[in-house]
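One file, coords03.txt, carrying compact mmCIF, C-alpha atoms:
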# COMPACT_ATOMS: atom_id res chain seq x y z
CA MET A 275 19.35 26.22 -0.84
CA THR A 276 21.83 28.94 -1.39
CA GLY A 277 25.20 27.87 -2.72
CA ALA A 278 27.39 25.54 -0.75
CA GLY A 279 28.85 27.16 2.29
CA ALA A 280 32.39 26.29 1.48
CA GLY A 281 32.60 28.06 -1.81
CA ASP A 282 36.25 27.28 -2.09
CA ASP A 283 36.27 25.99 -5.61
CA GLY A 284 35.18 27.42 -8.88
CA GLY A 285 32.58 24.76 -9.56
CA SER A 286 30.47 25.43 -6.52
CA THR A 287 30.39 29.16 -7.16
CA GLN A 288 29.16 28.51 -10.64
CA VAL A 289 26.55 26.11 -9.33
CA GLY A 290 25.56 28.55 -6.61
CA ALA A 291 24.95 31.26 -9.18
CA GLU A 292 22.86 28.91 -11.25
CA SER A 293 20.78 27.63 -8.40
CA GLY A 294 17.18 28.59 -8.21
CA ALA A 295 13.75 27.19 -8.79
CA ALA A 296 14.11 27.35 -12.56
CA VAL A 297 17.34 25.40 -12.53
CA GLU A 298 15.90 22.85 -10.09
CA GLN A 299 12.91 22.39 -12.36
CA ASP A 300 15.22 22.13 -15.32
CA ASP A 301 17.31 19.50 -13.49
CA TRP A 302 14.34 17.18 -13.16
CA GLU A 303 13.38 17.76 -16.78
CA VAL A 304 16.88 16.90 -17.89
CA LEU A 305 16.81 13.76 -15.78
CA ALA A 306 13.48 12.79 -17.36
CA ARG A 307 15.08 13.17 -20.78
CA VAL A 308 17.93 10.94 -19.67
CA GLY A 309 15.42 8.40 -18.40
CA ALA A 310 13.68 8.48 -21.76
CA GLY A 311 16.90 7.43 -23.44
CA GLU A 312 18.65 10.71 -24.21
CA THR A 313 21.99 9.71 -22.74
CA ASP A 314 23.84 12.82 -23.89
CA ALA A 315 21.58 15.05 -21.79
CA PHE A 316 23.19 13.48 -18.74
CA ALA A 317 26.28 15.58 -19.44
CA ILE A 318 24.30 18.68 -18.41
CA LEU A 319 23.59 17.24 -14.97
CA VAL A 320 27.13 15.99 -14.51
CA GLU A 321 28.64 19.36 -15.45
CA ARG A 322 26.24 21.16 -13.17
CA HIS A 323 26.71 19.05 -10.06
CA GLN A 324 30.11 17.35 -10.31
CA ALA A 325 32.04 19.98 -8.35
CA ARG A 326 29.72 19.87 -5.36
CA LEU A 327 29.41 16.11 -5.34
CA LEU A 328 33.16 15.64 -5.62
CA ARG A 329 33.73 18.09 -2.78
CA LEU A 330 31.17 16.32 -0.60
CA CYS A 331 32.70 12.92 -1.33
CA GLN A 332 36.18 14.21 -0.60
CA ARG A 333 35.10 15.77 2.68
CA LEU A 334 33.38 12.57 3.75
CA LEU A 335 36.02 10.14 2.54
CA GLY A 336 39.09 12.28 3.15
CA ASP A 337 40.77 10.95 0.04
CA ARG A 338 40.88 12.58 -3.38
CA GLU A 339 41.21 9.45 -5.52
CA GLU A 340 38.52 7.61 -3.61
CA ALA A 341 36.29 10.66 -3.89
CA LEU A 342 36.75 10.72 -7.66
CA ASP A 343 35.75 7.06 -7.86
CA ALA A 344 32.83 7.60 -5.52
CA SER A 345 31.48 10.61 -7.40
CA GLN A 346 31.56 8.67 -10.66
CA GLU A 347 29.69 5.80 -9.05
CA VAL A 348 27.13 8.19 -7.61
CA PHE A 349 26.49 9.68 -11.04
CA LEU A 350 26.13 6.22 -12.54
CA LYS A 351 23.59 5.34 -9.85
CA VAL A 352 21.69 8.48 -10.76
CA PHE A 353 21.88 7.51 -14.42
CA ARG A 354 20.50 4.02 -13.72
CA HIS A 355 17.59 5.44 -11.74
CA ALA A 356 16.88 8.27 -14.14
CA ALA A 357 13.78 6.59 -15.51
CA ASP A 358 12.15 5.87 -12.16
CA ALA A 359 13.25 8.96 -10.20
CA GLU A 360 10.36 11.00 -8.88
CA PRO A 361 10.83 14.76 -9.20
CA ARG A 362 10.27 15.55 -5.57
CA GLY A 363 11.95 18.47 -3.85
CA ARG A 364 15.31 19.64 -5.00
CA MET A 365 17.59 17.67 -7.19
CA PHE A 366 20.64 18.42 -5.08
CA THR A 367 18.98 16.88 -1.99
CA TRP A 368 18.39 13.69 -3.91
CA LEU A 369 21.94 13.69 -5.27
CA TYR A 370 23.42 14.44 -1.86
CA ARG A 371 21.40 11.65 -0.27
CA ILE A 372 22.74 9.13 -2.76
CA ALA A 373 26.27 10.50 -2.33
CA VAL A 374 26.18 10.48 1.48
CA ASN A 375 24.86 6.91 1.60
CA HIS A 376 27.43 5.79 -0.94
CA CYS A 377 30.32 7.40 0.94
CA LEU A 378 29.18 6.06 4.31
CA ASN A 379 29.01 2.56 2.82
CA ARG A 380 32.51 3.01 1.44
CA LEU A 381 33.76 4.13 4.85
CA ARG A 382 32.23 1.08 6.49
CA ARG A 383 33.83 -1.21 3.93
CA ARG A 384 37.15 0.57 4.40
CA LYS A 385 36.90 0.16 8.16
CA LEU A 386 36.25 -3.55 7.70
CA VAL A 387 39.20 -3.94 5.33
CA ARG A 388 41.47 -2.08 7.77
CA PHE A 389 40.22 -4.28 10.58
CA LEU A 390 40.83 -7.44 8.56
CA SER A 391 44.25 -6.34 7.43
CA LEU A 392 45.07 -5.16 10.97
CA SER A 393 46.49 -1.93 9.66
CA GLY A 394 45.59 1.58 10.63
CA GLU A 395 45.86 4.75 8.62
CA SER A 396 49.47 5.40 7.87
CA GLU A 397 51.21 8.69 7.24
CA GLU A 398 51.33 7.78 3.56
CA ASP A 399 47.53 7.66 3.42
CA ARG A 400 47.33 11.32 4.27
CA PRO A 401 46.25 13.38 1.25
CA LEU A 402 48.60 15.89 -0.30
CA GLU A 403 47.44 19.30 0.71
CA PRO A 404 47.26 22.25 -1.64
CA PRO A 405 49.11 25.36 -0.55
CA SER A 406 47.06 27.76 1.50
CA ASP A 407 46.43 31.31 0.33
CA ALA A 408 48.71 32.73 3.00
CA ALA A 409 51.83 34.55 1.79
CA ASP A 410 53.46 34.54 5.20
CA PRO A 411 55.17 31.20 5.98
CA VAL A 412 54.14 31.43 9.62
CA VAL A 413 50.52 31.94 8.68
CA GLU A 414 50.89 29.14 6.16
CA LEU A 415 52.19 26.84 8.89
CA GLU A 416 49.39 27.82 11.23
CA THR A 417 46.82 27.18 8.54
CA ARG A 418 48.22 23.72 7.91
CA GLU A 419 48.24 22.99 11.61
CA ARG A 420 44.59 24.05 11.78
CA TRP A 421 43.75 21.72 8.90
CA GLU A 422 45.56 18.89 10.61
CA ARG A 423 43.84 19.56 13.94
CA THR A 424 40.46 19.64 12.23
CA ARG A 425 41.16 16.42 10.39
CA ARG A 426 42.20 14.64 13.57
CA ALA A 427 39.25 16.05 15.50
CA LEU A 428 36.78 15.01 12.82
CA ALA A 429 38.32 11.57 12.58
CA MET A 430 37.61 10.84 16.21
CA LEU A 431 33.94 11.75 15.93
CA PRO A 432 31.38 8.99 15.49
CA GLU A 433 30.31 8.65 11.89
CA SER A 434 26.82 10.08 12.48
CA GLN A 435 28.17 13.24 14.17
CA ARG A 436 30.99 13.70 11.67
CA THR A 437 28.54 13.57 8.76
CA VAL A 438 26.35 16.25 10.31
CA VAL A 439 29.33 18.52 11.01
CA ILE A 440 30.63 18.17 7.46
CA LEU A 441 27.23 18.86 5.93
CA ALA A 442 26.61 21.86 8.20
CA LYS A 443 30.04 23.42 8.36
CA PHE A 444 31.69 22.54 5.07
CA GLU A 445 28.71 22.08 2.77
CA GLY A 446 26.74 24.95 4.27
CA LEU A 447 23.50 22.99 4.48
CA ARG A 448 20.75 24.12 6.78
CA GLN A 449 19.37 22.05 9.60
CA ARG A 450 16.19 21.21 7.70
CA GLU A 451 18.15 20.17 4.64
CA ILE A 452 20.45 17.92 6.66
CA ALA A 453 17.46 16.34 8.37
CA GLU A 454 15.80 15.66 5.03
CA LEU A 455 18.98 14.31 3.55
CA LEU A 456 19.79 11.93 6.37
CA GLY A 457 16.19 10.96 7.03
CA ILE A 458 16.27 12.13 10.63
CA THR A 459 14.43 14.83 12.56
CA GLU A 460 15.71 18.37 12.90
CA GLY A 461 16.01 17.73 16.62
CA ALA A 462 18.32 14.82 15.94
CA VAL A 463 20.47 17.04 13.72
CA GLU A 464 20.72 19.63 16.49
CA SER A 465 21.54 17.06 19.07
CA ARG A 466 24.26 15.45 16.94
CA LEU A 467 25.77 18.81 16.09
CA VAL A 468 25.93 20.02 19.67
CA ARG A 469 27.39 16.72 20.89
CA ALA A 470 29.94 16.85 18.09
CA LEU A 471 30.93 20.40 18.98
CA ARG A 472 31.40 19.47 22.61
CA ARG A 473 33.74 16.69 21.60
CA LEU A 474 35.54 18.91 19.14
CA ALA A 475 35.97 21.62 21.75
CA ALA A 476 37.47 19.08 24.13
CA ALA A 477 39.71 17.64 21.42
CA GLN A 478 41.01 21.02 20.34
CA GLU A 479 42.23 21.65 23.87
CA THR A 480 44.10 18.36 23.96
CA PRO A 481 47.68 18.69 22.66
CA VAL A 482 48.50 16.31 19.85
CA PRO A 483 52.11 15.24 19.19
CA GLY A 484 53.40 16.96 16.09
CA VAL A 485 50.58 19.48 15.98
CA LEU A 486 50.79 22.92 17.51
CA PRO A 487 48.12 23.59 20.12
CA ARG A 488 45.42 26.08 19.28
CA ARG A 489 46.59 29.60 19.97
CA ALA A 490 44.91 31.01 23.07
CA GLU A 491 42.41 33.79 22.51
CA PRO A 492 43.56 37.16 23.94
CA MET B 167 33.16 32.71 2.25
CA SER B 168 29.75 33.09 0.68
CA GLY B 169 27.82 30.79 2.99
CA ARG B 170 29.57 31.82 6.16
CA ASP B 171 26.57 33.74 7.50
CA GLY B 172 24.48 30.66 6.89
CA GLU B 173 26.99 28.46 8.70
CA ILE B 174 27.18 30.72 11.71
CA GLY B 175 23.42 31.13 11.55
CA ILE B 176 22.82 27.44 11.98
CA LEU B 177 25.17 27.33 14.97
CA ARG B 178 23.69 30.44 16.54
CA ARG B 179 20.23 28.96 16.25
CA LEU B 180 21.48 25.79 17.87
CA LEU B 181 23.25 27.61 20.61
CA ALA B 182 20.28 29.89 21.20
CA ASP B 183 18.06 26.86 21.59
CA GLU B 184 20.36 24.95 23.85
CA PRO B 185 19.91 26.76 27.21
CA ARG B 186 16.25 25.80 27.26
CA SER B 187 17.15 22.16 27.60
CA ASP B 188 20.53 22.51 29.26
CA GLY B 189 20.72 25.63 31.41
CA PRO B 190 24.04 25.04 33.19
CA ALA B 191 25.75 24.50 29.85
CA ALA B 192 25.02 28.06 28.76
CA SER B 193 28.50 29.15 29.80
CA GLY B 194 29.99 26.69 27.38
CA HIS B 195 28.45 28.32 24.35
CA ALA B 196 31.46 30.44 23.57
CA GLU B 197 33.56 27.30 23.73
CA LEU B 198 31.31 25.56 21.24
CA GLU B 199 31.29 28.52 18.94
CA ARG B 200 35.07 28.65 19.02
CA ALA B 201 35.22 24.95 18.24
CA TRP B 202 32.97 25.63 15.26
CA ASP B 203 35.07 28.56 14.06
CA ASP B 204 38.30 26.61 14.40
CA LEU B 205 37.15 23.91 12.04
CA GLU B 206 38.98 24.33 8.80
CA LEU B 207 39.90 21.94 6.04
CA PRO B 208 42.02 22.47 2.96
CA PRO B 209 40.11 23.59 -0.10
CA VAL B 210 39.03 20.89 -2.48
CA ALA B 211 40.45 21.14 -5.97
CA PRO B 212 37.90 21.39 -8.77
CA PRO B 213 37.08 18.22 -10.68
CA PRO B 214 39.76 17.20 -13.16
CA LEU B 215 39.12 17.92 -16.78
CA GLY B 216 37.49 14.97 -18.42
CA LEU B 217 35.69 13.65 -15.36
CA ALA B 218 32.32 14.39 -16.93
CA GLY B 219 33.46 12.70 -20.13
CA ARG B 220 34.52 9.58 -18.26
CA ILE B 221 31.18 9.42 -16.47
CA LEU B 222 29.32 9.82 -19.73
CA THR B 223 31.38 7.12 -21.41
CA ARG B 224 30.57 4.69 -18.63
CA ALA B 225 26.92 5.68 -18.78
CA ARG B 226 26.82 5.08 -22.54
CA ALA B 227 28.50 1.70 -22.09
CA GLU B 228 25.79 0.68 -19.65
CA ARG B 229 23.06 1.51 -22.11
CA ARG B 230 24.72 -0.11 -25.15
CA PRO B 231 23.02 -3.33 -26.33
CA LEU B 232 24.91 -6.46 -25.33
CA LEU B 233 25.92 -8.61 -28.33
CA GLY B 234 23.34 -6.87 -30.42
CA LEU B 235 20.48 -8.15 -28.26
CA PRO B 236 18.31 -5.70 -26.42
CA TRP B 237 19.71 -5.99 -22.93
CA SER B 238 17.24 -6.07 -20.14
CA PRO B 239 17.52 -7.63 -16.71
CA VAL B 240 14.02 -9.08 -17.06
CA TRP B 241 14.90 -10.72 -20.34
CA ALA B 242 18.16 -12.05 -18.89
CA ARG B 243 16.51 -13.42 -15.79
CA ALA B 244 13.69 -15.05 -17.76
CA ALA B 245 16.16 -16.71 -20.13
CA ALA B 246 18.31 -17.96 -17.27
CA THR B 247 15.27 -19.40 -15.47
CA LEU B 248 14.05 -21.12 -18.62
CA ALA B 249 17.47 -22.64 -19.22
CA LEU B 250 17.60 -23.90 -15.65
CA VAL B 251 14.12 -25.46 -15.81
CA ALA B 252 14.85 -27.05 -19.20
CA GLY B 253 18.11 -28.49 -17.89
CA LEU B 254 16.46 -29.95 -14.82
CA ALA B 255 13.62 -31.46 -16.84
CA GLY B 256 16.00 -32.91 -19.43
CA GLY B 257 18.24 -34.39 -16.77
CA THR B 258 15.34 -36.00 -14.92
CA ALA B 259 13.88 -37.46 -18.10
CA LEU B 260 17.22 -38.88 -19.15
CA GLY B 261 17.67 -40.43 -15.73
CA LEU B 262 14.25 -42.09 -15.84
CA VAL B 263 14.82 -43.51 -19.33
CA ALA B 264 18.22 -44.88 -18.37
CA ALA B 265 16.84 -46.48 -15.21
CA SER B 266 14.02 -48.24 -17.07
CA SER B 267 16.36 -49.73 -19.70
CA VAL B 268 18.65 -51.50 -17.21
CA PRO B 269 17.61 -55.23 -16.63
CA THR B 270 16.84 -56.07 -13.04
CA ASP B 271 18.38 -59.57 -13.32
CA THR B 272 21.92 -58.38 -13.30
CA VAL B 273 24.97 -60.45 -12.49
CA ALA B 274 25.57 -58.54 -9.36
CA GLU B 275 22.10 -59.19 -8.09
CA GLN B 276 22.37 -62.90 -8.98
CA THR B 277 25.62 -63.24 -7.09
CA LEU B 278 24.16 -61.46 -4.14
CA THR B 279 21.14 -63.75 -4.14
CA ASP B 280 23.29 -66.91 -4.39
CA TRP B 281 25.60 -65.80 -1.68
CA SER B 282 22.83 -64.93 0.72
CA SER B 283 21.05 -68.29 0.19
CA ARG B 284 24.12 -70.38 1.09
CA SER B 285 25.29 -70.82 4.61
CA LEU B 286 28.73 -69.83 5.80
CA ALA B 287 29.56 -73.46 6.71
CA GLU B 288 28.75 -74.70 3.21
CA ASP B 289 30.92 -72.00 1.74
CA TYR B 290 33.78 -73.05 4.00
CA LEU B 291 33.47 -76.72 3.22
CA SER B 292 33.31 -76.22 -0.49
CA SER B 293 36.32 -73.97 -0.50
CA SER B 294 38.41 -76.31 1.69
CA GLY B 295 38.47 -79.02 -1.02
CA GLY B 296 35.33 -81.10 -0.57
CA LEU B 297 36.18 -83.10 2.49
CA GLY B 298 32.96 -85.00 2.29
CA THR B 299 29.47 -84.70 1.15
CA ASP B 300 27.66 -85.58 4.32
CA GLY B 301 27.55 -82.47 6.32
CA GLY B 302 27.54 -83.47 10.07
CA SER B 303 30.18 -86.27 10.38
CA THR B 304 32.53 -84.77 7.88
CA ALA B 305 32.33 -81.53 9.63
CA GLY B 306 33.18 -83.31 12.86
CA SER B 307 36.25 -85.07 11.46
CA ALA B 308 37.34 -81.92 9.79
CA SER B 309 37.15 -80.09 13.03
CA GLY B 310 39.26 -82.89 14.61
CA THR B 311 42.11 -82.22 12.24
CA THR B 312 42.34 -78.62 13.03
CA PRO B 313 44.86 -77.74 15.74
Rewritten as structure tokens:
Amino acid sequence: MTGAGAGDDGGSTQVGAESGAAVEQDDWEVLARVGAGETDAFAILVERHQARLLRLCQRLLGDREEALDASQEVFLKVFRHAADAEPRGRMFTWLYRIAVNHCLNRLRRRKLVRFLSLSGESEEDRPLEPPSDAADPVVELETRERWERTRRALAMLPESQRTVVILAKFEGLRQREIAELLGITEGAVESRLVRALRRLAAAQETPVPGVLPRRAEP
Amino acid sequence: MSGRDGEIGILRRLLADEPRSDGPAASGHAELERAWDDLELPPVAPPPLGLAGRILTRARAERRPLLGLPWSPVWARAAATLALVAGLAGGTALGLVAASSVPTDTVAEQTLTDWSSRSLAEDYLSSSGGLGTDGGSTAGSASGTTP
């Protein structure tokens, strides 16, 4: 695994630079030490992986605060299973698998709560966005519109397709890695991704109230 | 973006594979690729300072002995099961002892036996003031007085 595709935060770049067989091996060794009772060694794993896990959780959940909670819970799960974890494959795959399952469970619970409370997502639920890098206000506006379009388009995808798109596009995982992580075949990953892209392509053509349509290619 | 080549690579591989299974859709590849390129989300802020510390604090709290006893789910479950079995056994024994100490010839049973051995007519006659001791004739005259 090379570093996460969306290297948009400092943490992932640092992790990307560190990645490699030696670090992976070291990860499992550190986890074994944690399992043997050396609690403080867990800090090494948390520092090394927190940025990527937080980013993944935020992409999947779409909410910063919830992602912070979720990433903490994921690390605690890892901590509890430190003693019986089998060093198989790469540590990040194992961590990502736990994180993806945890976030999907949270989304299902959230959906149930929304259904029971008969309320949909309100404007207030929308996360505060950081400013884009653009200096030009027009470009800034366009960037924000693109973010909003993407968010809406992703929201209308079925959960299984959305997860694959996020892992492939925003986490930069390869097909084989996604398949391993989700416990599906590479063919299933392909199929989900292509179906998702077809839906996204159709959605991006559909004008949304309050969102500028995609600018036509020359 | 460092992984951009990888991202596009995965899509290109997908798109390159697609015509084999779906020939007529080949013209839509550019559309799919554009959909892929248009996907953009705001950057995620790095973890707040202290997140790792909070996680470690919670982890330490989980491993800390509870009330000075070595905490273990097996120990807790075994103790809870023992307490439950002991409670059930104690309760049953107490119930049996209590049942054996109660005399069977209770007042309630005596009353029940007396009541069931007397007839309804005798009960009526005795309660209506002893209108006679000889059952048949007295009963007849008594019935004559009733409206």
Counting all atoms listed in the file, what are the residues of range 409-480 of chain A within 8 Å of range 332-341 of chain A, and for each of them which pair of atoms is the nearest and at what distance in Å, to one decimal? Sort the table by chain and rising number, as a tab-separated table.
residue	atom	partner	partner_atom	distance
A:Thr437	CA	A:Leu334	CA	7.0
A:Ile440	CA	A:Arg333	CA	7.0
A:Phe444	CA	A:Arg333	CA	7.9
Padding 5 Å on each side, edges along x, y and z: where is the centre of the box around the listed atoms of range 210-223 of chain B, and how long are its edges in Å to one decimal? Output it as AutoDock Vina command-line options.
--center_x 34.9 --center_y 14.3 --center_z -11.9 --size_x 21.1 --size_y 24.3 --size_z 28.9
Atom pair CA of Gly309 in chain A / CA of Ala356 in chain A: separation (Å):
4.5 Å
Which polymer residues, protein or nucleic acid, are no farther than 10 Å from (27.6, 10.6, 1.2), counting all atoms listed in the file, as a list of chain:residue names?
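Residues satisfying the cut-off, written out: A:Leu327, A:Leu330, A:Cys331, A:Gln332, A:Arg333, A:Leu334, A:Leu335, A:Ala344, A:Ser345, A:Val348, A:Leu369, A:Tyr370, A:Arg371, A:Ile372, A:Ala373, A:Val374, A:Asn375, A:His376, A:Cys377, A:Leu378, A:Asn379, A:Arg380, A:Leu381, A:Thr437, A:Leu441, A:Leu455, A:Leu456.
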Neighbour list for range 465-474 of chain A as a list in words, cut-off 8 Å, only C-alpha atoms, skip fewer than 5 positions in-chain:
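These residues fall inside the cut-off: Ala427, Leu428, Leu431, Ser434, Gln435, Arg436, Val438 and Val439 of chain A; Leu180, Leu198, Ala201 and Trp202 of chain B.
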In Å, rounded to a single decimal, give me how far CA of Thr424 in chain A is from CA of Arg200 in chain B.
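Separation of CA of Arg200 in chain B and CA of Thr424 in chain A: 12.5 Å.
Nearest residue to Ala325 in chain A among A:Glu445, A:Arg362, A:Ala306, A:Pro432 is A:Glu445, counting all atoms listed in the file.
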Mind pulling up the distance from CA of Ala225 in chain B to CA of Phe316 in chain A?
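We find that CA of Phe316 in chain A and CA of Ala225 in chain B lie 8.6 Å from each other.
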